[in-house]
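> My file is coords25.txt. It has compact mmCIF, C-alpha atoms:
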# COMPACT_ATOMS: atom_id res chain seq x y z
CA MET S 1 -4.56 24.78 46.43
CA SER S 2 -4.89 23.00 49.77
CA PHE S 3 -3.06 22.57 53.07
CA ARG S 4 -3.12 19.67 55.48
CA ARG S 5 -5.51 20.34 58.35
CA GLU S 6 -5.55 17.84 61.20
CA LYS S 7 -5.96 18.02 64.93
CA PHE S 8 -2.68 18.70 66.74
CA ILE S 9 -0.97 19.55 63.41
CA PRO S 10 -1.47 23.32 63.21
CA LYS S 11 0.93 23.89 60.31
CA GLY S 12 0.38 21.04 57.90
CA GLY S 13 2.16 21.29 54.60
CA PRO S 14 0.63 21.80 51.12
CA ASP S 15 -1.39 18.79 49.99
CA GLY S 16 -3.22 19.95 46.84
CA GLY S 17 -3.36 17.12 44.28
CA ASN S 18 -2.92 17.36 40.54
CA GLY S 19 -5.80 17.42 38.07
CA GLY S 20 -6.32 14.44 35.76
CA ARG S 21 -5.39 14.64 32.10
CA GLY S 22 -8.14 14.95 29.53
CA GLY S 23 -9.35 11.97 27.53
CA ASP S 24 -8.11 11.20 24.02
CA ILE S 25 -10.18 10.73 20.87
CA ILE S 26 -9.20 7.55 19.03
CA LEU S 27 -10.32 6.29 15.61
CA GLU S 28 -10.41 2.49 15.49
CA ALA S 29 -11.08 0.25 12.49
CA ALA S 30 -13.89 -2.26 13.06
CA ALA S 31 -14.76 -5.23 10.86
CA ASN S 32 -18.52 -4.95 11.43
CA LEU S 33 -18.87 -1.50 9.82
CA GLN S 34 -19.14 -0.91 6.07
CA THR S 35 -19.88 2.84 5.76
CA LEU S 36 -19.12 6.20 7.35
CA ALA S 37 -22.84 6.96 7.65
CA ASP S 38 -22.55 7.40 11.44
CA PHE S 39 -20.56 10.59 10.84
CA GLU S 40 -23.09 12.13 8.44
CA HIS S 41 -25.26 13.76 11.08
CA ARG S 42 -22.92 14.05 14.06
CA ARG S 43 -19.72 15.86 13.20
CA ARG S 44 -18.32 17.06 16.54
CA PHE S 45 -16.93 14.75 19.21
CA THR S 46 -15.50 15.58 22.63
CA ALA S 47 -13.68 13.28 25.04
CA GLY S 48 -14.12 13.46 28.83
CA ASN S 49 -12.55 16.12 31.05
CA GLY S 50 -10.05 15.18 33.72
CA GLU S 51 -11.24 15.47 37.32
CA HIS S 52 -10.03 18.24 39.60
CA GLY S 53 -7.28 17.52 42.06
CA LYS S 54 -8.35 17.36 45.72
CA GLY S 55 -6.88 17.98 49.13
CA ASN S 56 -5.09 15.28 51.09
CA ALA S 57 -2.75 14.83 48.07
CA LYS S 58 -5.47 13.21 45.95
CA ASN S 59 -4.93 13.47 42.22
CA GLY S 60 -7.93 13.75 39.92
CA ARG S 61 -8.94 10.88 37.66
CA SER S 62 -8.06 11.13 33.98
CA GLY S 63 -10.89 11.89 31.57
CA GLU S 64 -12.53 9.05 29.68
CA SER S 65 -11.17 8.58 26.19
CA LEU S 66 -13.61 8.41 23.28
CA VAL S 67 -13.10 5.59 20.77
CA LEU S 68 -14.86 6.18 17.44
CA LYS S 69 -15.37 3.07 15.31
CA VAL S 70 -14.79 3.40 11.56
CA PRO S 71 -14.90 0.76 8.80
CA CYS S 72 -11.70 -0.95 7.69
CA GLY S 73 -10.23 0.96 4.77
CA THR S 74 -10.81 4.43 6.25
CA LEU S 75 -8.31 7.11 5.27
CA VAL S 76 -7.81 10.07 7.62
CA PHE S 77 -6.83 13.48 6.22
CA ASP S 78 -6.24 16.90 7.75
CA ASP S 79 -9.25 18.86 6.50
CA GLU S 80 -7.34 22.14 6.17
CA THR S 81 -4.10 21.00 4.53
CA GLY S 82 -5.24 17.75 2.90
CA GLU S 83 -2.28 15.93 4.46
CA GLY S 84 -2.75 12.17 4.85
CA LEU S 85 -2.57 11.18 8.51
CA ALA S 86 -3.60 7.54 8.80
CA ASP S 87 -4.74 4.51 6.82
CA LEU S 88 -6.83 2.16 8.97
CA VAL S 89 -6.81 -1.14 7.10
CA GLU S 90 -7.00 -4.07 9.53
CA PRO S 91 -9.54 -4.49 12.37
CA GLY S 92 -8.05 -2.95 15.49
CA ASP S 93 -5.89 -0.38 13.67
CA ARG S 94 -6.01 2.85 15.68
CA TYR S 95 -5.19 6.49 15.17
CA ALA S 96 -5.08 9.19 17.87
CA ALA S 97 -7.19 11.96 16.34
CA ALA S 98 -6.78 14.29 19.33
CA LEU S 99 -4.89 13.96 22.60
CA GLY S 100 -6.27 15.19 25.90
CA GLY S 101 -4.63 18.10 27.68
CA ARG S 102 -2.28 17.69 30.63
CA GLY S 103 -3.87 18.16 34.03
CA GLY S 104 -3.14 21.16 36.21
CA ARG S 105 -0.65 20.96 39.10
CA GLY S 106 -1.63 21.33 42.73
CA ASN S 107 0.35 23.41 45.21
CA ARG S 108 1.99 20.28 46.66
CA VAL S 109 4.14 20.07 43.52
CA PHE S 110 5.64 23.52 44.07
CA ALA S 111 6.81 22.91 47.65
CA SER S 112 10.59 23.08 48.13
CA SER S 113 13.13 23.87 50.80
CA GLN S 114 12.93 27.57 49.87
CA ARG S 115 9.14 27.63 49.33
CA ARG S 116 7.58 25.76 52.24
CA ALA S 117 3.97 26.86 51.76
CA PRO S 118 3.16 27.70 48.12
CA ARG S 119 -0.23 29.37 47.89
CA PHE S 120 -0.80 28.86 44.20
CA SER S 121 -1.64 26.11 41.72
CA GLU S 122 -1.83 25.82 37.93
CA LYS S 123 -4.71 25.20 35.57
CA GLY S 124 -4.76 22.30 33.14
CA GLU S 125 -3.98 22.58 29.45
CA MET S 126 -6.60 22.43 26.74
CA GLY S 127 -6.55 19.23 24.73
CA ASP S 128 -5.95 18.95 20.99
CA GLU S 129 -8.62 20.15 18.61
CA SER S 130 -8.53 18.94 15.01
CA ARG S 131 -10.76 18.96 11.98
CA LEU S 132 -10.43 15.76 9.97
CA LYS S 133 -11.72 14.42 6.68
CA LEU S 134 -12.55 10.71 6.56
CA GLU S 135 -12.63 8.81 3.27
CA LEU S 136 -13.51 5.15 2.85
CA LYS S 137 -11.65 2.94 0.42
CA LEU S 138 -13.72 -0.21 0.55
CA ILE S 139 -11.88 -3.40 1.47
CA ALA S 140 -13.50 -6.37 -0.25
CA ASP S 141 -12.13 -9.66 -1.51
CA VAL S 142 -14.11 -9.67 -4.76
CA GLY S 143 -15.30 -6.59 -6.62
CA PHE S 144 -18.02 -6.71 -9.30
CA VAL S 145 -17.10 -4.11 -11.92
CA GLY S 146 -18.70 -3.11 -15.20
CA LEU S 147 -20.82 -0.54 -16.95
CA PRO S 148 -24.16 0.56 -15.46
CA ASN S 149 -26.98 -1.94 -15.91
CA ALA S 150 -24.65 -4.89 -16.57
CA GLY S 151 -26.43 -6.83 -13.85
CA LYS S 152 -23.81 -6.59 -11.09
CA SER S 153 -26.35 -6.17 -8.29
CA SER S 154 -28.42 -9.11 -9.52
CA LEU S 155 -25.29 -11.24 -9.73
CA LEU S 156 -24.25 -10.28 -6.19
CA SER S 157 -27.70 -11.27 -4.98
CA ALA S 158 -27.53 -14.63 -6.79
CA VAL S 159 -24.05 -15.51 -5.54
CA SER S 160 -24.22 -14.35 -1.93
CA GLY S 161 -27.88 -13.96 -1.02
CA ALA S 162 -27.47 -10.21 -0.50
CA ALA S 163 -30.50 -8.01 -1.17
CA PRO S 164 -29.29 -4.91 -3.06
CA LYS S 165 -31.63 -2.43 -4.72
CA ILE S 166 -32.17 -3.55 -8.34
CA ALA S 167 -33.86 -1.62 -11.15
CA ASP S 168 -33.60 -1.21 -14.92
CA TYR S 169 -31.94 2.19 -15.22
CA PRO S 170 -28.34 3.45 -15.03
CA PHE S 171 -26.63 4.14 -11.72
CA THR S 172 -29.04 2.11 -9.60
CA THR S 173 -26.10 1.43 -7.30
CA LEU S 174 -24.94 4.75 -5.87
CA SER S 175 -22.76 3.21 -3.14
CA PRO S 176 -21.16 -0.23 -2.81
CA ASN S 177 -23.42 -3.09 -1.77
CA LEU S 178 -21.81 -5.92 0.15
CA GLY S 179 -22.46 -9.64 0.26
CA VAL S 180 -20.64 -12.48 2.00
CA LEU S 181 -19.81 -15.90 0.56
CA PHE S 182 -18.82 -18.38 3.26
CA THR S 183 -16.12 -20.96 2.50
CA ASP S 184 -14.65 -23.67 4.70
CA SER S 185 -11.91 -21.35 5.96
CA GLU S 186 -13.18 -17.78 5.70
CA ALA S 187 -15.95 -15.39 4.77
CA VAL S 188 -15.30 -13.87 1.34
CA VAL S 189 -16.59 -10.31 1.11
CA LEU S 190 -18.18 -9.45 -2.25
CA ALA S 191 -18.79 -5.86 -3.34
CA ASP S 192 -21.13 -4.62 -6.04
CA ILE S 193 -19.23 -1.46 -6.93
CA PRO S 194 -21.03 1.46 -8.64
CA GLY S 195 -20.99 1.34 -12.43
CA LEU S 196 -18.83 3.69 -14.42
CA ILE S 197 -18.90 5.30 -17.83
CA GLU S 198 -16.28 6.37 -20.32
CA GLY S 199 -14.37 9.26 -18.75
CA ALA S 200 -14.72 7.93 -15.19
CA SER S 201 -11.00 8.40 -14.54
CA SER S 202 -11.69 12.14 -15.04
CA ASP S 203 -14.50 11.81 -12.46
CA LYS S 204 -17.37 11.74 -14.94
CA GLY S 205 -20.50 9.92 -13.83
CA LEU S 206 -19.72 8.12 -10.59
CA GLY S 207 -16.06 8.05 -11.71
CA LEU S 208 -13.72 8.23 -8.77
CA ALA S 209 -16.43 6.99 -6.39
CA PHE S 210 -16.18 3.74 -8.35
CA LEU S 211 -12.46 3.55 -8.94
CA ARG S 212 -11.24 4.20 -5.39
CA HIS S 213 -13.12 1.11 -4.19
CA VAL S 214 -11.47 -1.15 -6.76
CA GLU S 215 -7.97 -0.59 -5.41
CA ARG S 216 -8.19 -3.00 -2.49
CA THR S 217 -9.98 -5.99 -3.96
CA ARG S 218 -7.97 -9.18 -4.58
CA LEU S 219 -10.19 -10.41 -7.44
CA LEU S 220 -12.22 -8.45 -9.96
CA LEU S 221 -15.31 -9.95 -11.58
CA HIS S 222 -15.82 -7.97 -14.78
CA VAL S 223 -19.56 -8.25 -15.53
CA LEU S 224 -20.68 -7.74 -19.13
CA ASP S 225 -24.22 -7.58 -20.51
CA ILE S 226 -24.28 -10.12 -23.38
CA SER S 227 -28.02 -9.79 -24.09
CA ALA S 228 -27.33 -7.41 -27.01
CA ARG S 229 -26.21 -10.47 -29.02
CA ASP S 230 -23.37 -8.44 -30.55
CA ALA S 231 -19.90 -9.80 -29.75
CA GLU S 232 -18.11 -6.63 -30.88
CA ALA S 233 -20.30 -4.44 -28.67
CA VAL S 234 -19.56 -6.69 -25.67
CA LYS S 235 -15.82 -6.52 -26.36
CA ASN S 236 -16.02 -2.73 -26.64
CA ASP S 237 -17.79 -2.49 -23.26
CA TRP S 238 -14.95 -4.51 -21.76
CA ARG S 239 -12.33 -2.24 -23.34
CA VAL S 240 -14.02 0.90 -21.94
CA VAL S 241 -13.83 -0.35 -18.35
CA ARG S 242 -10.26 -1.64 -18.73
CA ARG S 243 -9.17 1.67 -20.22
CA GLU S 244 -10.66 3.73 -17.38
CA MET S 245 -9.01 1.51 -14.76
CA GLU S 246 -5.66 1.88 -16.51
CA LEU S 247 -5.98 5.68 -16.67
CA TYR S 248 -6.79 5.80 -12.95
CA ASP S 249 -4.01 3.41 -11.86
CA ASP S 250 -1.84 1.51 -14.35
CA LYS S 251 -1.55 -1.39 -11.85
CA LEU S 252 -5.29 -2.11 -11.75
CA PRO S 253 -5.43 -3.99 -15.10
CA ASN S 254 -2.90 -6.47 -13.66
CA ARG S 255 -5.26 -7.40 -10.81
CA PRO S 256 -6.56 -11.03 -11.07
CA CYS S 257 -9.79 -10.84 -13.05
CA MET S 258 -12.57 -13.12 -14.25
CA VAL S 259 -14.94 -12.05 -17.04
CA ILE S 260 -18.64 -12.84 -16.56
CA GLY S 261 -21.12 -12.68 -19.42
CA ASN S 262 -24.43 -11.99 -17.66
CA LYS S 263 -28.04 -12.21 -18.93
CA MET S 264 -27.49 -15.35 -21.00
CA ASP S 265 -31.19 -16.15 -20.50
CA LEU S 266 -32.01 -13.26 -22.87
CA CYS S 267 -29.93 -14.59 -25.71
CA CYS S 268 -30.04 -18.39 -25.40
CA ASP S 269 -32.68 -18.53 -28.16
CA MET S 270 -30.17 -17.16 -30.68
CA GLU S 271 -29.75 -19.22 -33.82
CA ASP S 272 -25.98 -19.37 -33.33
CA TYR S 273 -25.89 -19.06 -29.52
CA ASP S 274 -23.08 -21.59 -29.09
CA GLY S 275 -20.93 -19.82 -31.67
CA TYR S 276 -21.63 -16.45 -29.98
CA ILE S 277 -20.51 -17.70 -26.56
CA ALA S 278 -17.53 -19.53 -28.08
CA GLU S 279 -16.37 -16.34 -29.84
CA LEU S 280 -16.50 -14.40 -26.58
CA GLY S 281 -14.76 -17.18 -24.69
CA ASP S 282 -11.95 -17.41 -27.22
CA PHE S 283 -11.44 -13.64 -27.16
CA PHE S 284 -11.20 -13.29 -23.40
CA ARG S 285 -9.09 -16.39 -22.95
CA GLY S 286 -6.78 -14.92 -25.59
CA GLU S 287 -6.52 -11.83 -23.37
CA GLY S 288 -5.60 -14.06 -20.45
CA PHE S 289 -8.93 -14.14 -18.59
CA ASP S 290 -11.32 -16.93 -17.65
CA PHE S 291 -14.78 -16.37 -19.20
CA ARG S 292 -18.10 -17.69 -17.89
CA ALA S 293 -21.59 -17.10 -19.24
CA VAL S 294 -24.27 -16.99 -16.51
CA SER S 295 -27.76 -15.74 -15.77
CA ALA S 296 -28.30 -14.06 -12.44
CA VAL S 297 -32.09 -14.15 -12.97
CA SER S 298 -32.53 -17.83 -13.93
CA GLY S 299 -29.54 -19.10 -11.93
CA GLN S 300 -27.83 -20.76 -14.91
CA ASN S 301 -24.16 -21.53 -14.17
CA ILE S 302 -24.28 -19.60 -10.86
CA ASP S 303 -23.11 -22.64 -8.90
CA GLU S 304 -20.09 -23.01 -11.19
CA LEU S 305 -19.29 -19.31 -10.76
CA THR S 306 -19.57 -19.59 -6.99
CA GLY S 307 -17.22 -22.57 -7.04
CA GLY S 308 -14.72 -20.58 -9.09
CA ILE S 309 -14.80 -17.69 -6.59
CA VAL S 310 -14.28 -20.09 -3.66
CA ALA S 311 -11.40 -21.79 -5.45
CA PHE S 312 -9.75 -18.44 -6.06
CA ALA S 313 -10.20 -17.38 -2.44
CA ASN S 314 -8.57 -20.60 -1.28
CA ALA S 315 -5.67 -20.16 -3.70
CA HIS S 316 -5.09 -16.50 -2.79
CA PRO S 317 -5.28 -15.96 1.00
CA ARG S 318 -6.38 -12.52 2.03
CA PRO S 319 -3.28 -10.35 2.45
CA HIS S 320 -2.96 -8.45 5.68
CA GLY S 321 -2.48 -4.72 5.46
CA GLU S 322 1.23 -4.42 6.16
CA VAL S 323 1.38 -1.59 3.64
CA ARG S 324 -0.27 1.69 4.58
CA LEU S 325 -0.80 4.68 2.33
CA PHE S 326 0.20 6.84 5.29
CA ALA S 327 2.46 5.76 8.15
CA SER S 328 1.09 6.72 11.56
CA MET S 329 2.50 6.22 15.03
CA PRO S 330 0.63 3.60 17.12
CA VAL S 331 -1.47 5.13 19.87
CA GLU S 332 0.53 3.32 22.55
CA GLU S 333 3.78 4.99 21.42
CA ILE S 334 2.52 8.58 21.36
CA PRO S 335 4.28 10.71 24.00
CA ARG S 336 1.91 11.95 26.68
CA GLN S 337 2.20 15.62 25.70
CA GLU S 338 5.45 16.20 27.50
CA MET S 339 6.56 19.81 27.44
CA LYS S 340 8.98 20.22 24.57
CA ARG S 341 12.19 22.10 25.02
CA ARG S 342 11.41 25.57 23.76
CA GLU S 343 13.70 27.56 21.52
CA ARG S 344 14.66 31.08 22.49
CA TYR S 345 11.86 32.98 20.78
CA LYS S 346 11.72 36.75 20.72
CA VAL S 347 8.62 38.43 22.08
CA GLU S 348 6.52 39.91 19.29
CA ILE S 349 3.93 42.65 19.85
CA VAL S 350 1.18 42.85 17.23
CA PRO S 351 -1.02 46.00 17.16
CA LEU S 352 -4.60 45.09 16.22
CA PRO S 353 -7.06 47.23 14.20
CA ASP S 354 -9.30 47.88 17.22
CA GLY S 355 -6.44 49.55 19.12
CA SER S 356 -5.58 46.54 21.28
CA PHE S 357 -2.34 44.54 21.25
CA ARG S 358 -1.43 40.85 21.11
CA VAL S 359 1.71 39.42 22.70
CA LEU S 360 3.25 36.44 20.88
CA HIS S 361 5.73 34.20 22.69
CA PRO S 362 5.30 30.46 23.40
CA GLN S 363 6.42 30.50 27.04
CA VAL S 364 4.50 33.66 27.96
CA GLU S 365 1.32 32.48 26.19
CA HIS S 366 1.56 29.07 27.86
CA ALA S 367 1.97 30.67 31.29
CA ALA S 368 -1.02 32.98 30.73
CA GLU S 369 -3.26 29.98 30.10
CA ARG S 370 -1.82 27.78 32.88
CA TYR S 371 -1.53 30.23 35.77
CA ASP S 372 -4.64 30.76 37.85
CA LEU S 373 -4.48 34.54 38.11
CA SER S 374 -7.11 34.66 40.81
CA GLN S 375 -4.31 33.54 43.16
CA GLU S 376 -2.04 36.34 44.33
CA GLU S 377 1.20 34.37 44.14
CA ASN S 378 0.44 33.36 40.55
CA VAL S 379 -0.02 37.03 39.67
CA ALA S 380 3.42 37.73 41.14
CA ARG S 381 4.94 34.80 39.19
CA PHE S 382 3.37 35.99 35.97
CA THR S 383 4.54 39.56 36.54
CA ARG S 384 8.12 38.35 37.05
CA LEU S 385 7.89 36.40 33.78
CA LEU S 386 6.68 39.49 31.90
CA ARG S 387 9.57 41.49 33.32
CA LYS S 388 12.05 38.76 32.37
CA HIS S 389 10.96 39.06 28.75
CA ARG S 390 10.62 42.89 28.92
CA VAL S 391 7.02 42.68 27.70
CA GLU S 392 5.99 45.99 29.26
CA ASP S 393 8.95 47.79 27.65
CA LEU S 394 8.01 46.39 24.26
CA LEU S 395 4.35 47.33 24.67
CA THR S 396 5.28 50.87 25.60
CA ALA S 397 7.67 51.04 22.64
CA VAL S 398 4.86 50.29 20.16
CA GLY S 399 2.59 52.91 21.70
CA ALA S 400 0.56 51.06 24.34
CA VAL S 401 -0.68 53.25 27.17
CA SER S 402 -2.28 52.45 30.51
CA GLY S 403 -5.78 51.04 30.04
CA ASP S 404 -5.18 49.52 26.58
CA SER S 405 -6.40 45.96 26.05
CA VAL S 406 -3.63 43.34 25.74
CA SER S 407 -4.22 39.67 24.88
CA ILE S 408 -1.72 36.92 25.70
CA GLY S 409 -2.76 33.43 24.62
CA GLY S 410 -6.45 33.17 25.39
CA VAL S 411 -6.36 35.73 28.22
CA GLU S 412 -7.05 39.48 27.99
CA PHE S 413 -5.59 42.14 30.32
CA ASN S 414 -5.75 45.88 30.72
CA PHE S 415 -2.27 47.32 30.29
CA ASN S 416 -1.24 48.89 33.59
CA PRO S 417 2.56 49.10 33.86
CA ASP S 418 3.72 49.21 37.45
CA TYR S 419 7.33 50.17 36.74
CA GLU S 420 9.20 52.58 34.51
CA PRO S 421 10.44 51.18 31.18
CA ALA S 422 14.05 49.98 31.30
CA GLY S 423 15.20 52.72 28.90
CA LYS S 424 14.26 55.42 31.44
CA GLN S 425 15.54 53.56 34.45
CA GLY S 426 19.11 52.59 33.68
CA ASP S 427 19.78 49.01 34.74
CA ALA S 428 16.26 48.26 36.06
Go through the file and emit its structure as structure tokens.

Amino acid sequence: MSFRREKFIPKGGPDGGNGGRGGDIILEAAANLQTLADFEHRRRFTAGNGEHGKGNAKNGRSGESLVLKVPCGTLVFDDETGEGLADLVEPGDRYAAALGGRGGRGNRVFASSQRRAPRFSEKGEMGDESRLKLELKLIADVGFVGLPNAGKSSLLSAVSGAAPKIADYPFTTLSPNLGVLFTDSEAVVLADIPGLIEGASSDKGLGLAFLRHVERTRLLLHVLDISARDAEAVKNDWRVVRREMELYDDKLPNRPCMVIGNKMDLCCDMEDYDGYIAELGDFFRGEGFDFRAVSAVSGQNIDELTGGIVAFANAHPRPHGEVRLFASMPVEEIPRQEMKRRERYKVEIVPLPDGSFRVLHPQVEHAAERYDLSQEENVARFTRLLRKHRVEDLLTAVGAVSGDSVSIGGVEFNFNPDYEPAGKQGDA
């Protein structure tokens, strides 16, 4: 609240500026991130406050928005209801997680021909507050799938030069490892996806943690351990993985796939090695898949495999994410928290166990939070609003007496009626 004060202008008009709106919190997909690890330790984020309005009709600056970077493929859910809110697929995709509150209004706004010198202002609104759940569905061009210990991590390292953790026990890979294979036209992202076991579609083992990452790959490399020297056992391993993918999503088995027989260095001394590899090749080609025997450790046939991946990448350009699991409104199109036209709600009085009362009504609650009740004219405005909605009558009707605690919105008052209820006063 401010009035113009200048020499030779003894009665300057109101010149209190408006407060700035609060900053927004935006989630933005970034290509250089692969995990949500940044959110593991810090869980609460707050955007900047708007600046206060000033005299001389100066409006406050808006608060600084906070942009949180997330990896491409991040799904955003409401943590309480589980409702899907956004699917951030392509770099630059954005979602407004919380909008800043509208700034308060200075007394200059309330000046009119009937009210020449308003001596009140309004407080700003609180911004949105939301609790979200973020889930990453990895976006990779090529996904290495297979049972634990099939040699997927070693193969990723051999093909792309990545350095994943490698050891000889199940579930070495607990989260996807990424590698990059550079072609003439693009960088092909390779993912060593955690191994799965029979029953993974029912979330056994690393189950769904594996399967959700498979959904967005454009080529699957099904890695099989052929060192057991048993063609039927290798075929059975392949059937287990295919079955679990089908149970999870019946479209996954139709994804372009290449079958890789890994660890050929451990079985090349077989008496009938050529017949063994030929049997496997004939079987998988009969199923409609290209089959290659390689050794990630010795490097045998790795160059041919790399060439096959590059050829596939060139033949199948990376699709852009036109399809989203959840449609969300672009940040630029979100209305700036304009006041919505309110329906004619009835005032509801709720007695609380501690003997106090709560008043429920959108317009009255909004006014209680916006009006600065340290200003006398705002107190008069608020009192007129309470009388308009007969709040004091309703409080008295449910048993409230002078001195009782009454909460409206986030503000508490002591009930102190300054007029007789309408029922005892005729037309008052």
> May I have the residues within 7 Å of segment 366-383 of chain S as an mmCIF file with C-alpha atoms, in the coordinates of the input, using only C-alpha atoms and disregarding those fewer than 4 positions away in the same chain?

data_model
loop_
_atom_site.group_PDB
_atom_site.id
_atom_site.type_symbol
_atom_site.label_atom_id
_atom_site.label_comp_id
_atom_site.auth_asym_id
_atom_site.auth_seq_id
_atom_site.Cartn_x
_atom_site.Cartn_y
_atom_site.Cartn_z
ATOM 1 C CA ARG S 119 -0.230 29.370 47.890
ATOM 2 C CA PHE S 120 -0.800 28.860 44.200
ATOM 3 C CA SER S 121 -1.640 26.110 41.720
ATOM 4 C CA GLU S 122 -1.830 25.820 37.930
ATOM 5 C CA LYS S 123 -4.710 25.200 35.570
ATOM 6 C CA GLY S 124 -4.760 22.300 33.140
ATOM 7 C CA GLU S 125 -3.980 22.580 29.450
ATOM 8 C CA PRO S 362 5.300 30.460 23.400
ATOM 9 C CA ARG S 387 9.570 41.490 33.320
ATOM 10 C CA ILE S 408 -1.720 36.920 25.700
ATOM 11 C CA GLY S 409 -2.760 33.430 24.620
ATOM 12 C CA GLY S 410 -6.450 33.170 25.390
ATOM 13 C CA VAL S 411 -6.360 35.730 28.220
#
> How many Å lie between atom CA of Arg390 of chain S and atom CA of Gly103 of chain S, rounded to one decimal?
29.1 Å
> Would you mind reading off the distance between atom CA of Leu27 of chain S and atom CA of Asp128 of chain S, one decimal, in Å?
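Taking atom CA of Leu27 of chain S as the start and atom CA of Asp128 of chain S as the end point, the length is 14.4 Å.
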> I'd like to know which of S:Leu88, S:Leu221, S:Ala117, S:Ala233 is closest to Val142 of chain S, using all atoms listed in the file.
S:Leu221
> Report the distance between atom CA of Val70 of chain S and atom CA of Leu36 of chain S in Å, rounded to one decimal place.
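Going from atom CA of Val70 of chain S over to atom CA of Leu36 of chain S covers 6.7 Å.
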> Would you mind listing what lies within 7 Å of Gly60 of chain S as a ChimeraX atom specification, with all atoms listed in the file counted and same-chain residues fewer than 4 positions away left out?
/S:18-20,50-54
> Quick one: of S:Arg4, S:His41, S:Arg21, S:Arg218, who's nearest to Pro317 of chain S, counting only C-alpha atoms?
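Among the listed residues, S:Arg218 lies closest to Pro317 of chain S.
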> When distances are computed from all atoms listed in the file, which of S:Val67, S:Leu386, S:Ile277, S:Val234 shows the smallest separation from Phe45 of chain S?
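Looking only at the distances to Phe45 of chain S, the closest residue turns out to be S:Val67.
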> When distances are computed from only C-alpha atoms, which of S:Gly127, S:Pro256, S:Pro118, S:Gly275 shows the smallest separation from Asp290 of chain S?
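The closest residue to Asp290 of chain S is S:Pro256.
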> For a cutoff of 10 Å around the file-coordinate point (-21.0, -4.2, -13.3), which residues qualify once you count only C-alpha atoms? I'd like the result as a PyMOL selection string.
chain S and resi 143-156+173+192-196+221-225+241+260+262
> Given the choices S:Val364, S:Gly22, S:Val109, S:Leu220, which gets closest to Leu190 of chain S if the distance is worked out from all atoms listed in the file?
S:Leu220
> Skip segment 31-35 of chain S itself and residues of its chain fewer than 6 positions away, then list as a CSV table (one decimal) with C-alpha atoms, in the coordinates of the input all residues within 7 Å of it, counting only C-alpha atoms.

chain,number,residue,atom,x,y,z
S,70,VAL,CA,-14.8,3.4,11.6
S,71,PRO,CA,-14.9,0.8,8.8
S,72,CYS,CA,-11.7,-1.0,7.7
S,91,PRO,CA,-9.5,-4.5,12.4
> Within 8 Å of Gly84 of chain S, counting only C-alpha atoms, which residues qualify if same-chain residues fewer than 3 places away don't, as a ChimeraX atom specification?
/S:75-78,326
> Of the candidates S:Val259, S:Ile309, S:Ala228, S:Val297, which one gets nearest to Arg285 of chain S if we count only C-alpha atoms?
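Closest candidate: S:Val259.
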